[in-house]
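Input: a single structure, listed below in C-alpha cells.
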Amino acid sequence: RSESSPTHDRELITENAAEVFERAEALCEAQQFREGAALFRRVLAALEVNPDMKLKAVKAEVWAHLGVAMQSLDDIGAAIESYGQAVALDPSLHVCFANLATLHLYLEDGRSAQDNISKALSLQPDNEAYLDIQRSVSALPPS
C-alpha cells in the first residue's frame with residue numbers, strides 16, 4: 001500500500017508536470033506547436049492545484065513557452081495573453097516584454113508596444129534587439 005499525503009501528492013503532480021513540460025518543449029522544437037501548446041496548458045492546470053509559491057517562477061516560464069507556441073501558430077491574442085500572464089507572475093522576464101512589444105507593434109498599438117519595450121529595456125538596457133524594437137516603435141505614426 002502506498003503512502004499518500006497532500007505534500008506527497010503535490011510532489012507527484014509537480015514531477016509529472018515537469019515531464020509533460022519537457023515533452024511540450026520537445027514538440028515545439030520539432031515545430032509541432034499546436035501539440036506542444038496543449039501540453040503546456042496541461043502543465044499549467046497541474047500547477048494550479050499546487051499552492052506552493054516557489055512554483056510562481058515555474059508557472060511564469062510555462063506561460064512564456066506557451067506564448068512562443070501561440071505566436072508560432074499566429075494566434076496573436078493567445079500569445080499576448082500568455083506573455084502577459086508570464087510577466088504578471090515574474091516581471092523579470094524581459095524577453096516576454098520584448099515579445100509583447102513586437103506583437104503590439106504588429107497590431108500597430110504604439111502605446112502598448114512602447115510600454116512593453118520600455119520594461120524590457122529597463123531590465124536589459126544594452127540589448128541590441130530590444131533597441132531595434134524601440135526604434136521601430138518610435139517610427140510608428142502617432143495614433
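Residues in the C-alpha cells are named by chain (A, B, ... in the order shown) and by number from 1 within that chain; ligands are numbered from 1 in the order shown.
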
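For Val58 of chain A, the list of residues within 10 Å, based on only C-alpha atoms and with local chain neighbours fewer than 4 positions off taken out, reads A:Ala18, A:Val43, A:Leu44, A:Leu47, A:Met53, A:Lys54, A:Val62, A:Trp63, A:Ala64, A:Ala86, A:Leu89, A:Asp90.
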
Now that the selection is made, can you save its residues with N, CA and C atoms as a short mmCIF file (atom, residue, chain, number, x, y, z; two decimals), in the first residue's frame?
```cif
data_model
loop_
_atom_site.label_atom_id
_atom_site.label_comp_id
_atom_site.auth_asym_id
_atom_site.auth_seq_id
_atom_site.Cartn_x
_atom_site.Cartn_y
_atom_site.Cartn_z
N ALA A 18 6.64 18.36 -14.73
CA ALA A 18 7.98 18.56 -15.30
C ALA A 18 8.19 17.66 -16.52
N VAL A 43 0.29 21.37 -18.18
CA VAL A 43 1.24 21.68 -17.11
C VAL A 43 0.67 22.80 -16.23
N LEU A 44 0.15 23.84 -16.86
CA LEU A 44 -0.42 24.95 -16.09
C LEU A 44 -1.58 24.48 -15.22
N LEU A 47 -0.16 22.68 -12.26
CA LEU A 47 0.49 23.58 -11.31
C LEU A 47 -0.53 24.41 -10.53
N MET A 53 4.25 28.71 -3.42
CA MET A 53 4.67 29.97 -4.03
C MET A 53 5.97 29.83 -4.81
N LYS A 54 6.77 28.84 -4.49
CA LYS A 54 8.02 28.62 -5.24
C LYS A 54 7.73 28.28 -6.70
N VAL A 62 6.31 28.51 -17.94
CA VAL A 62 5.38 27.74 -18.78
C VAL A 62 4.53 28.70 -19.61
N TRP A 63 4.04 29.79 -18.98
CA TRP A 63 3.27 30.79 -19.73
C TRP A 63 4.13 31.38 -20.86
N ALA A 64 5.40 31.63 -20.57
CA ALA A 64 6.29 32.19 -21.59
C ALA A 64 6.44 31.23 -22.77
N ALA A 86 2.78 35.54 -18.02
CA ALA A 86 4.17 35.27 -17.62
C ALA A 86 4.76 36.45 -16.86
N LEU A 89 3.42 37.09 -13.36
CA LEU A 89 3.99 36.18 -12.36
C LEU A 89 5.47 36.47 -12.10
N ASP A 90 6.19 36.88 -13.13
CA ASP A 90 7.63 37.14 -13.00
C ASP A 90 8.02 38.34 -13.85
#
```

Quiz item: If you count only C-alpha atoms, which residues fall within 10 Å of segment 106-108 of chain A, apart from same-chain ones fewer than 6 positions away, as a list of chain:residue names?
Solution: A:Ile76, A:Leu100, A:Val137, A:Leu140, A:Pro141, A:Pro142, A:Ser143

Self-check item: segment 110-121 of chain A environment, 10 Å, only C-alpha atoms, sequence neighbours closer than 5 positions dropped, as number ranges by chain
Solution: A: 91-105, 126-134, 136-143

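Residues lying within 9 Å of Val20 of chain A, counting only C-alpha atoms and ignoring same-chain neighbours fewer than 4 positions away, are Glu15, Asn16, Ala24, Glu25, Leu39, Phe40, Arg42 and Val43 of chain A.
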
Exercise. Could you jot down the atom CA of Ala38 of chain A to atom CA of Asp109 of chain A separation for me, Å, one decimal place?
Key: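 Value for the atom CA of Ala38 of chain A-atom CA of Asp109 of chain A distance: 28.5 Å.
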
Practice problem: Please give the complete set of residues from chain A that DSSP, run on the backbone, assigns to helix (DSSP H, G or I), formatted as a ChimeraX atom specification. | Solution: /A:6-29,33-48,53-72,76-89,94-106,110-123,128-138

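Remark: for Ala60 of chain A, the closest of the candidate residues A:Ala78, A:Glu48, A:Leu73, A:Glu35 is A:Glu48 (distances computed over only C-alpha atoms).
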
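Across A:Ser72, A:Ile80, A:Leu123, A:Ala17, the tightest approach to Val49 of chain A is made by A:Ala17 when counting only C-alpha atoms.
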
Quiz item: So what do you get for atom CA of Glu81 of chain A versus atom CA of Ala57 of chain A, distance-wise?
Solution: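 Taking atom CA of Glu81 of chain A as the start and atom CA of Ala57 of chain A as the end point, the length is 16.9 Å.
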
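Using only C-alpha atoms, the smallest distance between any of A:Leu55, A:Cys28, A:Ala37, A:Ala45 and Ser82 of chain A comes from A:Ala37.
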